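Q: Got a structure for you, query11.tsv, holding TSV, C-alpha atoms.
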```
chain	number	residue	atom	x	y	z
A	2	MET	CA	117.86	132.00	94.66
A	3	LYS	CA	114.33	130.63	94.67
A	4	LEU	CA	112.77	128.43	92.02
A	5	CYS	CA	110.36	131.19	91.13
A	6	ASP	CA	113.32	133.44	90.16
A	7	LEU	CA	114.53	131.06	87.45
A	8	PRO	CA	113.81	131.70	83.76
A	9	LEU	CA	110.72	130.04	82.32
A	10	GLY	CA	112.75	127.50	80.35
A	11	ALA	CA	114.62	126.37	83.45
A	12	ARG	CA	111.40	126.07	85.43
A	13	LEU	CA	109.79	124.03	82.67
A	14	GLY	CA	112.80	121.72	82.56
A	15	ILE	CA	112.76	121.20	86.33
A	16	ALA	CA	109.01	120.59	86.18
A	17	CYS	CA	109.58	117.83	83.61
A	18	LEU	CA	112.21	116.20	85.84
A	19	VAL	CA	109.88	116.42	88.83
A	20	LEU	CA	107.16	114.68	86.83
A	21	VAL	CA	109.65	111.95	85.89
A	22	MET	CA	110.46	111.42	89.58
A	23	LEU	CA	106.76	111.29	90.46
A	24	GLY	CA	106.28	108.68	87.76
A	25	GLY	CA	109.22	106.76	89.17
A	26	LEU	CA	107.64	106.77	92.65
A	27	ALA	CA	104.39	105.43	91.18
A	28	ALA	CA	106.33	102.72	89.34
A	29	SER	CA	108.16	101.83	92.57
A	30	ALA	CA	104.86	101.37	94.39
A	31	ALA	CA	103.58	99.18	91.54
A	32	GLN	CA	106.82	97.18	91.58
A	33	VAL	CA	106.37	96.42	95.29
A	34	PHE	CA	102.88	95.15	94.55
A	35	TYR	CA	103.78	93.02	91.53
A	36	HIS	CA	107.05	91.70	92.97
A	37	HIS	CA	105.75	90.62	96.38
A	38	ARG	CA	102.07	89.81	95.85
A	39	LYS	CA	102.51	86.17	94.75
A	40	LYS	CA	104.96	85.14	97.46
A	41	ASP	CA	102.19	83.03	99.05
A	42	ASP	CA	100.76	82.00	95.63
A	43	ILE	CA	97.69	84.17	96.19
A	44	PRO	CA	97.41	87.03	93.64
A	45	THR	CA	96.82	89.79	96.20
A	46	LEU	CA	99.40	91.62	98.29
A	47	SER	CA	99.17	90.77	101.99
A	48	MET	CA	101.26	91.02	105.14
A	49	ASP	CA	102.09	87.34	104.68
A	50	ASP	CA	103.78	88.25	101.39
A	51	ILE	CA	105.86	90.96	103.06
A	52	LYS	CA	106.70	88.80	106.09
A	53	GLY	CA	107.65	85.91	103.84
A	54	THR	CA	109.96	88.11	101.77
A	55	TYR	CA	111.91	89.69	104.63
A	56	HIS	CA	111.57	87.30	107.58
A	57	GLY	CA	109.92	84.08	106.49
A	58	VAL	CA	106.56	82.84	107.68
A	59	SER	CA	104.46	79.70	107.85
A	60	VAL	CA	101.08	80.16	106.19
A	61	ALA	CA	98.33	77.73	107.12
A	62	ALA	CA	96.30	76.30	104.26
A	63	PRO	CA	93.11	78.36	103.79
A	64	LEU	CA	91.00	75.20	104.20
A	65	LEU	CA	92.83	74.32	107.42
A	66	ALA	CA	92.42	77.85	108.78
A	67	ALA	CA	88.68	77.81	108.01
A	68	LEU	CA	88.18	74.48	109.78
A	69	GLU	CA	90.22	75.61	112.80
A	70	ARG	CA	88.08	78.70	113.26
A	71	GLY	CA	84.91	76.58	113.25
A	72	HIS	CA	83.70	76.83	109.67
A	73	PRO	CA	81.24	75.42	108.82
A	74	GLU	CA	79.49	75.48	112.16
A	75	ASP	CA	77.28	72.46	111.45
A	76	LEU	CA	80.12	70.15	110.39
A	77	PRO	CA	80.11	67.01	112.59
A	78	GLN	CA	83.08	66.91	114.93
A	79	SER	CA	84.20	63.52	113.63
A	80	GLU	CA	84.39	64.88	110.08
A	81	ARG	CA	86.15	68.05	111.21
A	82	SER	CA	88.75	66.00	113.09
A	83	ALA	CA	89.31	63.77	110.07
A	84	LEU	CA	89.84	66.76	107.78
A	85	LEU	CA	92.16	68.48	110.26
A	86	THR	CA	94.27	65.34	110.64
A	87	TRP	CA	94.48	65.04	106.85
A	88	LEU	CA	95.46	68.68	106.28
A	89	ARG	CA	98.07	68.66	109.06
A	90	GLY	CA	99.71	65.53	107.71
A	91	ASP	CA	102.19	65.05	104.88
A	92	ARG	CA	99.92	62.99	102.60
A	93	VAL	CA	97.46	65.67	101.52
A	94	SER	CA	97.38	64.71	97.85
A	95	GLN	CA	97.82	60.97	98.40
A	96	ASP	CA	94.99	60.60	100.93
A	97	TYR	CA	92.51	63.00	99.34
A	98	ASP	CA	90.51	60.16	97.76
A	99	ASN	CA	92.13	57.19	99.50
A	100	LEU	CA	89.79	54.23	98.90
A	101	ASP	CA	91.03	52.49	102.06
A	102	MET	CA	89.50	55.30	104.14
A	103	GLY	CA	86.01	54.68	102.81
A	104	ASP	CA	83.47	57.33	103.83
A	105	ASP	CA	86.12	59.04	105.96
A	106	ALA	CA	88.22	59.93	102.92
A	107	PRO	CA	88.56	63.71	102.62
A	108	ALA	CA	87.03	63.65	99.15
A	109	GLU	CA	83.90	61.96	100.50
A	110	ILE	CA	83.57	64.33	103.46
A	111	ILE	CA	84.02	67.40	101.29
A	112	ALA	CA	81.53	66.09	98.72
A	113	ARG	CA	78.76	65.56	101.25
A	114	SER	CA	79.43	68.41	103.68
A	115	CYS	CA	81.08	71.23	101.73
A	116	VAL	CA	80.23	71.15	98.02
A	117	SER	CA	76.58	72.05	98.62
A	118	CYS	CA	77.82	75.59	99.30
A	119	HIS	CA	81.29	75.63	97.74
A	120	SER	CA	80.35	75.02	94.13
A	121	ARG	CA	80.36	77.07	90.95
A	122	GLN	CA	76.57	77.18	91.05
A	123	SER	CA	76.33	78.30	94.68
A	124	PRO	CA	74.01	81.24	95.43
A	125	ASP	CA	76.48	82.30	98.14
A	126	ALA	CA	78.91	84.69	96.42
A	127	ALA	CA	81.69	84.17	98.98
A	128	ALA	CA	81.44	80.37	98.83
A	129	LYS	CA	81.23	80.45	95.05
A	130	ARG	CA	84.66	82.08	94.88
A	131	THR	CA	86.15	79.00	96.57
A	132	PRO	CA	84.68	75.96	94.82
A	133	LEU	CA	85.61	72.52	96.18
A	134	GLU	CA	84.09	70.32	93.50
A	135	TYR	CA	87.30	68.86	92.09
A	136	TRP	CA	90.78	68.02	93.35
A	137	ASP	CA	92.25	70.97	91.43
A	138	ASP	CA	89.89	73.23	93.40
A	139	VAL	CA	90.78	71.64	96.73
A	140	ALA	CA	94.51	71.67	96.00
A	141	ARG	CA	94.48	75.48	95.81
A	142	VAL	CA	93.41	75.74	99.46
A	143	ALA	CA	94.70	72.50	101.03
A	144	PHE	CA	98.45	73.05	101.30
A	145	SER	CA	100.18	74.98	104.06
A	146	LYS	CA	103.30	76.86	102.99
A	147	ASN	CA	106.63	77.85	104.51
A	148	LEU	CA	107.66	81.12	102.89
A	149	THR	CA	111.41	81.65	103.07
A	150	PRO	CA	113.01	85.11	103.02
A	151	VAL	CA	115.04	86.25	100.03
A	152	PRO	CA	118.65	85.01	100.06
A	153	GLN	CA	121.16	87.32	101.73
A	154	GLU	CA	122.98	87.85	98.43
A	155	ILE	CA	119.79	89.21	96.85
A	156	LEU	CA	119.17	91.46	99.84
A	157	VAL	CA	122.69	92.88	99.55
A	158	ILE	CA	122.13	93.68	95.87
A	159	SER	CA	118.74	95.24	96.56
A	160	THR	CA	120.11	97.32	99.44
A	161	HIS	CA	123.01	98.50	97.28
A	162	THR	CA	120.68	99.50	94.46
A	163	HIS	CA	118.10	101.27	96.62
A	164	ALA	CA	120.53	103.04	98.94
A	165	LEU	CA	122.66	104.47	96.13
A	166	SER	CA	119.68	105.58	94.06
A	167	LEU	CA	117.05	106.72	96.56
A	168	ALA	CA	119.43	108.63	98.85
A	169	PRO	CA	120.84	110.87	96.07
A	170	MET	CA	117.36	111.40	94.66
A	171	SER	CA	116.16	112.42	98.13
A	172	VAL	CA	119.01	114.92	98.44
A	173	VAL	CA	117.98	116.46	95.11
A	174	VAL	CA	114.33	116.63	96.19
A	175	ALA	CA	115.36	118.20	99.51
A	176	GLY	CA	117.44	120.81	97.67
A	177	LEU	CA	114.53	121.67	95.41
A	178	LEU	CA	112.19	121.97	98.38
A	179	LEU	CA	114.65	124.31	100.12
A	180	ALA	CA	114.47	126.54	97.05
A	181	THR	CA	110.69	126.93	97.34
A	182	ARG	CA	108.82	129.64	99.22
A	183	LEU	CA	107.34	127.21	101.75
A	184	PRO	CA	107.79	127.91	105.48
A	185	ARG	CA	111.22	126.73	106.67
A	186	ARG	CA	109.77	124.70	109.53
A	187	LEU	CA	107.53	122.78	107.15
A	188	VAL	CA	110.42	122.19	104.74
A	189	SER	CA	112.65	121.02	107.60
A	190	LEU	CA	110.00	118.59	108.86
A	191	ALA	CA	109.44	117.12	105.38
A	192	ILE	CA	113.17	116.58	104.79
A	193	PHE	CA	113.55	114.97	108.22
A	194	LEU	CA	110.62	112.60	107.64
A	195	SER	CA	111.93	111.62	104.21
A	196	GLY	CA	115.46	110.90	105.41
A	197	ALA	CA	114.49	109.14	108.64
A	198	ALA	CA	111.86	107.00	106.91
A	199	LEU	CA	114.31	105.86	104.23
A	200	LEU	CA	116.91	104.95	106.86
A	201	LEU	CA	114.36	103.00	108.91
A	202	ASP	CA	112.97	101.25	105.84
A	203	LEU	CA	116.30	100.00	104.53
A	204	GLY	CA	117.62	99.22	108.00
A	205	ALA	CA	114.54	97.20	108.86
A	206	TRP	CA	115.15	94.98	105.83
A	207	TRP	CA	118.11	93.52	107.71
A	208	VAL	CA	116.70	93.62	111.23
A	209	SER	CA	113.56	91.78	110.08
A	210	ARG	CA	115.59	88.70	109.11
A	211	THR	CA	115.80	87.86	112.81
A	212	GLN	CA	113.09	90.10	114.30
A	213	ALA	CA	109.65	89.62	112.72
A	214	PRO	CA	108.11	92.87	114.13
A	215	ALA	CA	110.57	94.86	112.02
A	216	VAL	CA	108.45	93.92	109.00
A	217	TYR	CA	105.87	96.44	110.23
A	218	VAL	CA	108.62	99.08	110.33
A	219	ILE	CA	109.33	98.31	106.66
A	220	VAL	CA	105.69	98.80	105.72
A	221	THR	CA	105.22	101.96	107.82
A	222	ALA	CA	108.54	103.63	107.02
A	223	GLY	CA	108.26	102.74	103.34
A	224	GLY	CA	104.81	104.29	103.18
A	225	VAL	CA	105.97	107.43	104.99
A	226	TYR	CA	108.95	107.80	102.65
A	227	MET	CA	106.88	107.38	99.50
A	228	GLY	CA	104.12	109.68	100.71
A	229	THR	CA	106.45	112.40	102.02
A	230	THR	CA	108.61	112.37	98.90
A	231	ALA	CA	105.56	112.59	96.65
A	232	LEU	CA	104.22	115.57	98.62
A	233	MET	CA	107.63	117.27	98.46
A	234	LEU	CA	107.72	116.87	94.69
A	235	LEU	CA	104.17	118.18	94.32
A	236	ALA	CA	105.09	121.18	96.47
A	237	VAL	CA	108.09	121.90	94.22
A	238	LEU	CA	105.91	121.57	91.13
A	239	ALA	CA	103.35	124.00	92.55
A	240	ASP	CA	105.97	126.52	93.62
A	241	LEU	CA	107.58	126.55	90.17
A	242	PHE	CA	104.52	128.21	88.67
A	243	MET	CA	102.89	129.88	91.66
A	244	PRO	CA	102.45	133.61	90.99
A	245	ARG	CA	104.95	135.72	92.92
A	246	GLY	CA	102.14	137.42	94.80
A	247	LYS	CA	101.14	134.02	96.22
A	248	ALA	CA	104.46	133.44	97.96
A	249	VAL	CA	104.22	131.93	101.43
A	250	ALA	CA	106.01	133.78	104.21
A	251	ALA	CA	109.00	131.89	105.55
A	252	GLY	CA	108.58	130.59	109.06
```
Will you turn the file into structure tokens for me?
A:
Amino acid sequence: MKLCDLPLGARLGIACLVLVMLGGLAASAAQVFYHHRKKDDIPTLSMDDIKGTYHGVSVAAPLLAALERGHPEDLPQSERSALLTWLRGDRVSQDYDNLDMGDDAPAEIIARSCVSCHSRQSPDAAAKRTPLEYWDDVARVAFSKNLTPVPQEILVISTHTHALSLAPMSVVVAGLLLATRLPRRLVSLAIFLSGAALLLDLGAWWVSRTQAPAVYVIVTAGGVYMGTTALMLLAVLADLFMPRGKAVAAG
């Protein structure tokens, strides 16, 4: 029996359930964003957030990274060295305006060499987004971080929840897709991609605890699973109401 052979009421009910699953996929994608995006205390999702969650990563302070890559180009080498030594040490807050350091205090260097661009009145839009006028401004970009992965107990709970919810849902979606009029080869490929991607995604959660490159498997496989499952659901939704004359020949 194909989906198109079902009574209208049944097709409408299945369509509603498909829409619920599509909404759930969208909510899952949003949950990944909101749950992981602040791992490094920066309100945007980055690979550092993902690496920190599953493997752990050391994130250099943005100010340190900028100085190490030669920004600003006209900063005297003596001042750059002084700032680098300060940022790499363990007295970042204590030595920021240390009076004993005189003109070599980080606060003095930043005031005379950085604030002319990095201020709230700066005409440079990029520099304006990172003001360095006050300690509170500097503190946001002066500390390096060691992001630790989630505890193993939490990973066990998350794996349990995802494996026992996503796998059954995927079986249901696969069954619905098999009941469409799509070519069998296309249906087979979609089901394979969905199942393999989910296995790789969840498996890489554990592998990445010791092997950092596995984090990229998580990102790739997770994206493939979400995308493939969404397309499968959309295909089911379309087939539910596609006129019988529009049926696609099985391949």
Q: Just checking: using only C-alpha atoms, which residue out of A:Pro150, A:Gly224, A:Gly176, A:Gly103 ends up closest to His37 (chain A)?
A: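 The closest residue to His37 (chain A) is A:Pro150.
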Q: What is the distance between CA of Asp41 (chain A) and CA of Ser145 (chain A), in Å to one decimal?
A: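 So the answer is 9.7 Å.
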Q: Could you please determine the separation between CA of Ala62 (chain A) and CA of Leu46 (chain A) in Å, to one decimal place?
A: 16.7 Å
Q: With all atoms listed in the file as the basis for distance, which of A:Leu133, A:Ile158, A:Val33, A:Met233 is at the shortest distance from Val172 (chain A)?
A: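 Among A:Leu133, A:Ile158, A:Val33, A:Met233, it is A:Met233 that comes nearest to Val172 (chain A).
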Q: Quick one: pull the distance between CA of Thr149 (chain A) and CA of Gly53 (chain A), Å, one decimal.
A: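 Rounded to one decimal, the two atoms are 5.7 Å apart.
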Q: Which residue out of A:Ser114, A:Ser166, A:Ser123, A:Ser189 has the minimum interatomic distance to Pro77 (chain A) when only C-alpha atoms are used?
A: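 Of the candidates, the smallest distance to Pro77 (chain A) is held by A:Ser114.
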